[in-house]
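Chemist: Following this line is final_4.csv, made up of CSV, C-alpha atoms (C1' of nucleotides):
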chain,number,residue,atom,x,y,z
A,1,MET,CA,3.3,-31.7,11.8
A,2,LYS,CA,2.5,-34.7,13.9
A,3,ASP,CA,4.3,-35.5,17.1
A,4,LYS,CA,4.7,-39.0,15.9
A,5,LYS,CA,7.9,-39.4,14.1
A,6,GLN,CA,7.5,-40.1,10.4
A,7,SER,CA,9.8,-41.8,8.0
A,8,ASP,CA,12.6,-39.7,6.5
A,9,GLU,CA,11.1,-40.2,3.1
A,10,GLU,CA,7.8,-38.7,4.2
A,11,CYS,CA,9.6,-35.8,5.8
A,12,LEU,CA,11.4,-35.1,2.5
A,13,GLN,CA,8.1,-35.0,0.7
A,14,ASP,CA,6.7,-32.6,3.2
A,15,MET,CA,9.7,-30.3,2.9
A,16,ARG,CA,9.2,-30.2,-0.9
A,17,HIS,CA,5.6,-29.3,-0.6
A,18,ILE,CA,6.4,-26.6,1.9
A,19,GLN,CA,9.0,-25.2,-0.4
A,20,ASP,CA,6.6,-25.2,-3.2
A,21,THR,CA,4.1,-23.2,-1.2
A,22,LEU,CA,6.8,-20.8,0.1
A,23,TYR,CA,7.8,-20.2,-3.5
A,24,VAL,CA,4.3,-19.1,-4.5
A,25,ILE,CA,3.6,-16.8,-1.6
A,26,SER,CA,7.1,-15.5,-1.2
A,27,GLY,CA,8.0,-11.9,-1.4
A,28,LYS,CA,6.6,-9.1,0.7
A,29,TRP,CA,3.6,-8.3,-1.3
A,30,LYS,CA,1.7,-11.3,-2.8
A,31,LEU,CA,-0.4,-12.0,0.2
A,32,PRO,CA,-1.2,-8.4,1.0
A,33,ILE,CA,-2.3,-8.0,-2.6
A,34,ILE,CA,-4.6,-11.0,-2.4
A,35,MET,CA,-6.0,-9.6,0.8
A,36,SER,CA,-6.6,-6.2,-0.7
A,37,ILE,CA,-8.4,-7.6,-3.7
A,38,ASN,CA,-10.4,-9.8,-1.4
A,39,ASN,CA,-11.3,-6.7,0.5
A,40,GLY,CA,-13.0,-5.1,-2.5
A,41,ASN,CA,-10.2,-3.4,-4.4
A,42,ASN,CA,-10.2,-4.4,-8.0
A,43,ARG,CA,-8.5,-1.7,-9.9
A,44,PHE,CA,-4.7,-1.2,-10.2
A,45,ARG,CA,-4.5,2.1,-8.5
A,46,GLU,CA,-7.1,1.1,-6.0
A,47,ILE,CA,-5.0,-1.8,-4.9
A,48,ALA,CA,-1.8,0.3,-5.0
A,49,ARG,CA,-3.4,2.9,-2.7
A,50,SER,CA,-4.7,0.2,-0.3
A,51,ILE,CA,-1.2,-1.3,0.4
A,52,PRO,CA,1.1,1.0,2.2
A,53,LYS,CA,4.6,1.4,0.8
A,54,ILE,CA,4.1,-0.8,-2.3
A,55,THR,CA,5.5,0.7,-5.5
A,56,LEU,CA,3.8,0.5,-8.9
A,57,ARG,CA,6.6,-1.6,-10.2
A,58,MET,CA,6.3,-4.2,-7.5
A,59,LEU,CA,2.5,-4.3,-7.8
A,60,SER,CA,2.8,-4.8,-11.5
A,61,LYS,CA,5.3,-7.6,-11.1
A,62,GLU,CA,3.5,-9.4,-8.4
A,63,LEU,CA,0.2,-9.2,-10.1
A,64,LYS,CA,1.7,-11.0,-13.1
A,65,GLU,CA,3.1,-13.7,-10.9
A,66,LEU,CA,-0.1,-14.2,-9.1
A,67,GLU,CA,-1.9,-14.5,-12.5
A,68,MET,CA,0.6,-17.1,-13.6
A,69,ASN,CA,-0.1,-19.1,-10.5
A,70,LYS,CA,-3.8,-18.9,-11.2
A,71,LEU,CA,-4.6,-17.0,-8.1
A,72,ILE,CA,-6.0,-13.9,-9.8
A,73,VAL,CA,-7.6,-13.0,-13.1
A,74,ARG,CA,-7.0,-9.8,-15.0
A,75,THR,CA,-9.9,-8.7,-17.1
A,76,VAL,CA,-10.1,-6.0,-19.7
A,77,SER,CA,-13.6,-4.9,-20.4
A,78,ASP,CA,-14.2,-2.3,-23.1
A,79,GLY,CA,-17.1,-0.1,-22.1
A,80,SER,CA,-17.3,3.7,-22.6
A,81,SER,CA,-13.7,3.6,-21.6
A,82,ILE,CA,-11.4,0.8,-21.1
A,83,LEU,CA,-11.7,-0.9,-17.7
A,84,ILE,CA,-9.2,-3.3,-16.2
A,85,THR,CA,-10.1,-5.3,-13.1
A,86,TYR,CA,-8.4,-7.8,-11.0
A,87,GLU,CA,-10.3,-10.6,-9.3
A,88,LEU,CA,-9.5,-13.5,-7.1
A,89,THR,CA,-10.0,-16.9,-8.6
A,90,ALA,CA,-11.9,-19.6,-6.9
A,91,TYR,CA,-8.6,-21.4,-6.5
A,92,SER,CA,-7.1,-18.5,-4.6
A,93,LYS,CA,-9.8,-19.1,-1.9
A,94,THR,CA,-7.9,-22.3,-1.0
A,95,LEU,CA,-5.3,-20.0,0.5
A,96,ALA,CA,-7.8,-18.7,3.0
A,97,PRO,CA,-7.0,-21.0,5.8
A,98,LEU,CA,-3.3,-20.4,5.3
A,99,ILE,CA,-3.8,-16.7,5.4
A,100,GLU,CA,-6.0,-16.9,8.4
A,101,GLU,CA,-3.4,-19.0,10.2
A,102,MET,CA,-0.5,-16.6,9.3
A,103,LYS,CA,-2.5,-13.6,10.4
A,104,ASN,CA,-3.1,-15.1,13.8
A,105,TRP,CA,0.4,-16.3,14.2
A,106,GLY,CA,1.9,-12.9,13.3
A,107,LYS,CA,-0.4,-11.2,15.7
A,108,ASN,CA,0.7,-13.4,18.5
A,109,HIS,CA,4.4,-13.4,17.5
A,110,LYS,CA,4.4,-9.6,17.6
A,111,ALA,CA,3.4,-9.9,21.2
A,112,VAL,CA,6.0,-12.5,22.0
A,113,ILE,CA,8.8,-10.5,20.4
A,114,THR,CA,7.7,-7.2,22.0
A,115,GLU,CA,7.7,-8.9,25.3
A,116,ARG,CA,11.3,-10.1,24.8
A,117,ALA,CA,12.4,-6.6,23.7
A,118,ALA,CA,11.0,-5.3,27.0
A,119,VAL,CA,13.1,-7.7,29.0
B,120,MET,CA,-10.0,-14.1,5.3
B,121,LYS,CA,-13.7,-13.7,5.7
B,122,ASP,CA,-15.9,-13.3,2.7
B,123,LYS,CA,-17.5,-10.4,4.6
B,124,LYS,CA,-15.8,-7.2,3.6
B,125,GLN,CA,-13.9,-5.7,6.5
B,126,SER,CA,-12.9,-2.1,7.1
B,127,ASP,CA,-9.8,-0.9,5.4
B,128,GLU,CA,-8.2,-0.4,8.8
B,129,GLU,CA,-8.7,-4.0,9.8
B,130,CYS,CA,-7.3,-5.1,6.5
B,131,LEU,CA,-4.2,-3.0,7.1
B,132,GLN,CA,-3.7,-4.6,10.4
B,133,ASP,CA,-4.0,-8.1,8.9
B,134,MET,CA,-1.5,-7.2,6.2
B,135,ARG,CA,1.0,-6.2,8.9
B,136,HIS,CA,0.5,-9.4,10.8
B,137,ILE,CA,1.0,-11.5,7.7
B,138,GLN,CA,4.1,-9.6,6.8
B,139,ASP,CA,5.4,-10.3,10.3
B,140,THR,CA,4.8,-14.0,9.9
B,141,LEU,CA,6.3,-14.0,6.4
B,142,TYR,CA,9.4,-12.3,7.8
B,143,VAL,CA,9.9,-15.0,10.4
B,144,ILE,CA,9.5,-18.0,8.1
B,145,SER,CA,10.9,-16.5,5.0
B,146,GLY,CA,13.8,-18.0,3.2
B,147,LYS,CA,14.1,-21.4,1.7
B,148,TRP,CA,15.3,-23.3,4.7
B,149,LYS,CA,13.7,-22.2,8.0
B,150,LEU,CA,10.6,-24.4,7.8
B,151,PRO,CA,12.5,-27.5,6.5
B,152,ILE,CA,14.9,-27.1,9.4
B,153,ILE,CA,12.0,-27.0,11.9
B,154,MET,CA,10.5,-30.1,10.3
B,155,SER,CA,13.8,-31.9,10.3
B,156,ILE,CA,14.3,-31.2,14.0
B,157,ASN,CA,10.8,-32.2,14.7
B,158,ASN,CA,11.5,-35.4,12.9
B,159,GLY,CA,14.2,-36.3,15.3
B,160,ASN,CA,17.3,-34.7,14.0
B,161,ASN,CA,19.1,-32.8,16.7
B,162,ARG,CA,22.7,-32.6,15.7
B,163,PHE,CA,24.1,-30.1,13.3
B,164,ARG,CA,25.4,-32.6,10.8
B,165,GLU,CA,22.3,-34.7,11.2
B,166,ILE,CA,20.1,-31.9,10.3
B,167,ALA,CA,22.4,-30.9,7.4
B,168,ARG,CA,22.2,-34.4,6.0
B,169,SER,CA,18.5,-34.6,6.3
B,170,ILE,CA,17.8,-31.6,4.2
B,171,PRO,CA,18.7,-32.0,0.5
B,172,LYS,CA,20.8,-29.2,-1.0
B,173,ILE,CA,21.2,-27.1,2.1
B,174,THR,CA,24.8,-25.8,2.7
B,175,LEU,CA,26.5,-25.7,6.1
B,176,ARG,CA,26.6,-21.9,5.7
B,177,MET,CA,22.9,-21.6,5.3
B,178,LEU,CA,22.1,-24.1,8.0
B,179,SER,CA,24.3,-22.2,10.4
B,180,LYS,CA,22.7,-18.8,9.5
B,181,GLU,CA,19.1,-20.0,9.7
B,182,LEU,CA,19.6,-21.8,13.0
B,183,LYS,CA,20.8,-18.6,14.5
B,184,GLU,CA,17.8,-16.7,13.2
B,185,LEU,CA,15.4,-19.4,14.4
B,186,GLU,CA,17.1,-19.2,17.8
B,187,MET,CA,16.6,-15.4,17.9
B,188,ASN,CA,12.9,-15.9,17.1
B,189,LYS,CA,12.7,-18.4,20.0
B,190,LEU,CA,11.7,-21.2,17.8
B,191,ILE,CA,14.6,-23.5,18.6
B,192,VAL,CA,17.1,-23.8,21.5
B,193,ARG,CA,20.8,-24.6,21.1
B,194,THR,CA,22.2,-26.6,24.0
B,195,VAL,CA,25.8,-27.3,24.7
B,196,SER,CA,26.2,-30.3,27.1
B,197,ASP,CA,29.7,-31.2,28.2
B,198,GLY,CA,30.0,-35.0,28.6
B,199,SER,CA,32.9,-37.1,27.7
B,200,SER,CA,33.0,-35.0,24.6
B,201,ILE,CA,31.2,-31.8,23.8
B,202,LEU,CA,27.7,-32.3,22.5
B,203,ILE,CA,25.6,-29.7,20.8
B,204,THR,CA,21.9,-30.3,20.3
B,205,TYR,CA,19.1,-28.3,18.7
B,206,GLU,CA,15.6,-28.7,20.0
B,207,LEU,CA,12.3,-27.1,19.1
B,208,THR,CA,10.8,-24.8,21.7
B,209,ALA,CA,7.2,-25.2,22.9
B,210,TYR,CA,6.6,-21.9,21.1
B,211,SER,CA,7.6,-23.4,17.8
B,212,LYS,CA,4.8,-25.9,18.1
B,213,THR,CA,2.4,-23.0,17.5
B,214,LEU,CA,3.6,-23.1,14.0
B,215,ALA,CA,2.3,-26.6,13.5
B,216,PRO,CA,-1.1,-25.7,12.1
B,217,LEU,CA,0.6,-23.3,9.7
B,218,ILE,CA,3.1,-25.9,8.5
B,219,GLU,CA,0.4,-28.4,8.1
B,220,GLU,CA,-1.6,-26.0,6.1
B,221,MET,CA,1.3,-25.1,3.9
B,222,LYS,CA,2.2,-28.7,3.3
B,223,ASN,CA,-1.3,-29.6,2.1
B,224,TRP,CA,-1.5,-26.5,0.0
B,225,GLY,CA,1.8,-27.2,-1.7
B,226,LYS,CA,0.8,-30.7,-2.4
B,227,ASN,CA,-2.3,-29.6,-4.1
B,228,HIS,CA,-0.7,-26.7,-5.9
B,229,LYS,CA,1.8,-29.0,-7.4
B,230,ALA,CA,-1.0,-30.9,-9.0
B,231,VAL,CA,-2.7,-27.7,-10.3
B,232,ILE,CA,0.5,-26.4,-11.9
B,233,THR,CA,1.4,-29.7,-13.4
B,234,GLU,CA,-2.0,-30.0,-14.9
B,235,ARG,CA,-1.7,-26.6,-16.5
B,236,ALA,CA,1.7,-27.5,-17.9
B,237,ALA,CA,0.1,-30.6,-19.5
B,238,VAL,CA,-2.4,-28.3,-21.3
C,239,DC,C1',31.9,-33.1,15.1
C,240,DG,C1',30.3,-28.2,14.7
C,241,DG,C1',30.9,-24.8,12.6
C,242,DT,C1',33.4,-19.8,10.0
C,243,DA,C1',35.4,-17.1,6.3
C,244,DT,C1',35.5,-15.6,1.6
C,245,DC,C1',34.1,-14.9,-2.7
C,246,DC,C1',30.6,-14.0,-5.8
C,247,DC,C1',26.3,-13.9,-8.4
C,248,DC,C1',21.6,-13.1,-8.9
C,249,DC,C1',17.5,-11.0,-8.1
C,250,DC,C1',14.3,-8.7,-4.9
C,251,DG,C1',12.7,-4.6,-4.3
C,252,DG,C1',13.1,0.7,-3.9
C,253,DA,C1',13.3,5.4,-6.6
C,254,DT,C1',12.3,7.9,-10.3
C,255,DA,C1',10.8,9.0,-14.8
C,256,DC,C1',8.1,8.1,-18.5
C,257,DT,C1',4.1,6.2,-21.9
C,258,DG,C1',-0.5,5.5,-24.0
D,259,DC,C1',-6.2,5.4,-15.3
D,260,DA,C1',-2.8,1.4,-16.0
D,261,DG,C1',1.0,0.5,-16.2
D,262,DT,C1',6.6,0.2,-18.3
D,263,DA,C1',11.6,1.5,-18.4
D,264,DT,C1',15.8,2.2,-16.2
D,265,DC,C1',19.0,2.4,-12.7
D,266,DC,C1',20.8,0.7,-8.6
D,267,DG,C1',21.9,-1.1,-3.8
D,268,DG,C1',21.5,-4.8,-0.5
D,269,DG,C1',21.3,-9.2,0.8
D,270,DG,C1',19.8,-14.0,0.1
D,271,DG,C1',22.0,-17.8,-0.9
D,272,DG,C1',25.5,-21.0,-3.5
D,273,DA,C1',30.6,-22.9,-3.7
D,274,DT,C1',34.6,-23.7,-1.6
D,275,DA,C1',38.1,-23.7,1.7
D,276,DC,C1',39.3,-23.6,6.2
D,277,DC,C1',39.4,-23.8,11.7
D,278,DG,C1',39.3,-25.8,16.6
Please render this file's structure as structure tokens.
Modeler:
Amino acid sequence: MKDKKQSDEECLQDMRHIQDTLYVISGKWKLPIIMSINNGNNRFREIARSIPKITLRMLSKELKELEMNKLIVRTVSDGSSILITYELTAYSKTLAPLIEEMKNWGKNHKAVITERAAV
Amino acid sequence: MKDKKQSDEECLQDMRHIQDTLYVISGKWKLPIIMSINNGNNRFREIARSIPKITLRMLSKELKELEMNKLIVRTVSDGSSILITYELTAYSKTLAPLIEEMKNWGKNHKAVITERAAV
DNA sequence: CGGTATCCCCCCGGATACTG
DNA sequence: CAGTATCCGGGGGGATACCG
């Protein structure tokens, strides 16, 4: 978002891109799931335990969508017992700056809102 | 999101911040509205016209929420006729890096998904 | 111009139970 | 462990009509 005014056409393009991004990360759980996997949780139950309040149903659904968007990979390895692991793709790493930015903004916003509530 | 693994506690904090941010910018229209105003549209109908497919109802609803979150200001100025303008707050500018990031990511993602569809 | 009021549908997301 | 099945409420969001 530049301060310089852009053409309406450019602005429309940008809106579309933003809506595309919003669509991919929308929902309460997708980003938390990515963060959890990034933090070393690779098994279904492990991820479930690491995210407060998420239900198995939602985790299952969201994992599928993330896989469709090429952000994670589901692997079934057949050792002594069957083992299923979820891993982030290299592509998912491109979300890192975005996540970082959202993390910081949320932290600050919490402060802003809390201050308002106090007044 | 660092590559270095962080403590689970830190990770939980981050998830909460992210969810706070998601909550504020969630919905199809909030960011497009901010972009539209940023691009010089300050009147209700002007904004409405600048955003494809948005309905008056949604614009009205979202403007209120944005105002509650201190991202825009609604001003009623009483000249020869009543004039209502919407402006971005200084605070809303803190979203700029996030928006920029989402714009770029969406642009690239579109390409990634399209490529997949071709295969 | 600057919105509200209704109606309505869809689907997100929670609860709970169950399967292999 | 790794999920799926079913049920269900709430609300996001579209269409349309209307108001001052």
Chemist: Using only C-alpha atoms (C1' of nucleotides), I'd like every residue of chain C that has an atom within 8 Å of chain A; please write them out as a ChimeraX atom specification.
Modeler: /C:250-252
Chemist: I want to know what sits within 12 Å of DC249 (chain C), based on all atoms listed in the file, with residues of the same chain fewer than 3 positions away left out; could you give that as a ChimeraX atom specification?
Modeler: /A:27 /D:267-271
Chemist: Between CA of Tyr86 (chain A) and CA of Ile72 (chain A), what is the distance, to one decimal in Å?
Modeler: 6.7 Å
Chemist: Could you please select, counting only C-alpha atoms, the residues of chain B within 7 Å of chain A and state them as a CSV table (one decimal) with C-alpha atoms, in the coordinates of the input?
Modeler:
chain,number,residue,atom,x,y,z
B,120,MET,CA,-10.0,-14.1,5.3
B,124,LYS,CA,-15.8,-7.2,3.6
B,125,GLN,CA,-13.9,-5.7,6.5
B,133,ASP,CA,-4.0,-8.1,8.9
B,134,MET,CA,-1.5,-7.2,6.2
B,136,HIS,CA,0.5,-9.4,10.8
B,137,ILE,CA,1.0,-11.5,7.7
B,138,GLN,CA,4.1,-9.6,6.8
B,139,ASP,CA,5.4,-10.3,10.3
B,140,THR,CA,4.8,-14.0,9.9
B,147,LYS,CA,14.1,-21.4,1.7
B,151,PRO,CA,12.5,-27.5,6.5
B,158,ASN,CA,11.5,-35.4,12.9
B,215,ALA,CA,2.3,-26.6,13.5
B,217,LEU,CA,0.6,-23.3,9.7
B,218,ILE,CA,3.1,-25.9,8.5
B,219,GLU,CA,0.4,-28.4,8.1
B,220,GLU,CA,-1.6,-26.0,6.1
B,221,MET,CA,1.3,-25.1,3.9
B,222,LYS,CA,2.2,-28.7,3.3
B,224,TRP,CA,-1.5,-26.5,0.0
B,225,GLY,CA,1.8,-27.2,-1.7
B,226,LYS,CA,0.8,-30.7,-2.4
Chemist: Point out the residue among B:Glu165, B:Leu178, B:Glu129, B:Ile156 with the least atom-to-atom distance to chain D, counting all atoms listed in the file.
Modeler: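 Distance minimum relative to chain D lands on B:Leu178.
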Chemist: What's the 12 Å shell around DT254 (chain C), counting only C-alpha atoms (C1' of nucleotides), without same-chain residues fewer than 3 positions away, as a list in words?
Modeler: Thr55, Leu56 and Arg57 of chain A; DA263, DT264, DC265 and DC266 of chain D
Chemist: What does the distance from C1' of DG240 (chain C) to CA of Ile201 (chain B) come to in Å, to one decimal?
Modeler: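 Atom-to-atom, C1' of DG240 (chain C) and CA of Ile201 (chain B) are spaced 9.8 Å apart.
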Chemist: So which residues are close to (31.8, -14.5, -3.1), meaning at most 12 Å away in the file's coordinates with all atoms listed in the file counted, and can you show them as a count of residues only?
Modeler: 10
Chemist: Take C1' of DC276 (chain D) and CA of Ser179 (chain B) and report the distance between them in Å, one decimal.
Modeler: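 These two atoms are separated by 15.6 Å.
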Chemist: Sorted by chain and rising residue number, list the residues of chain D at most 8 Å from chain A (counting all atoms listed in the file), each with its closest atom pair and distance in Å to one decimal, as CSV.
Modeler:
residue,atom,partner,partner_atom,distance
D:DC259,C1',A:Arg45,CA,7.7
D:DA260,C1',A:Phe44,CA,6.6
D:DG261,C1',A:Ser60,CA,7.3
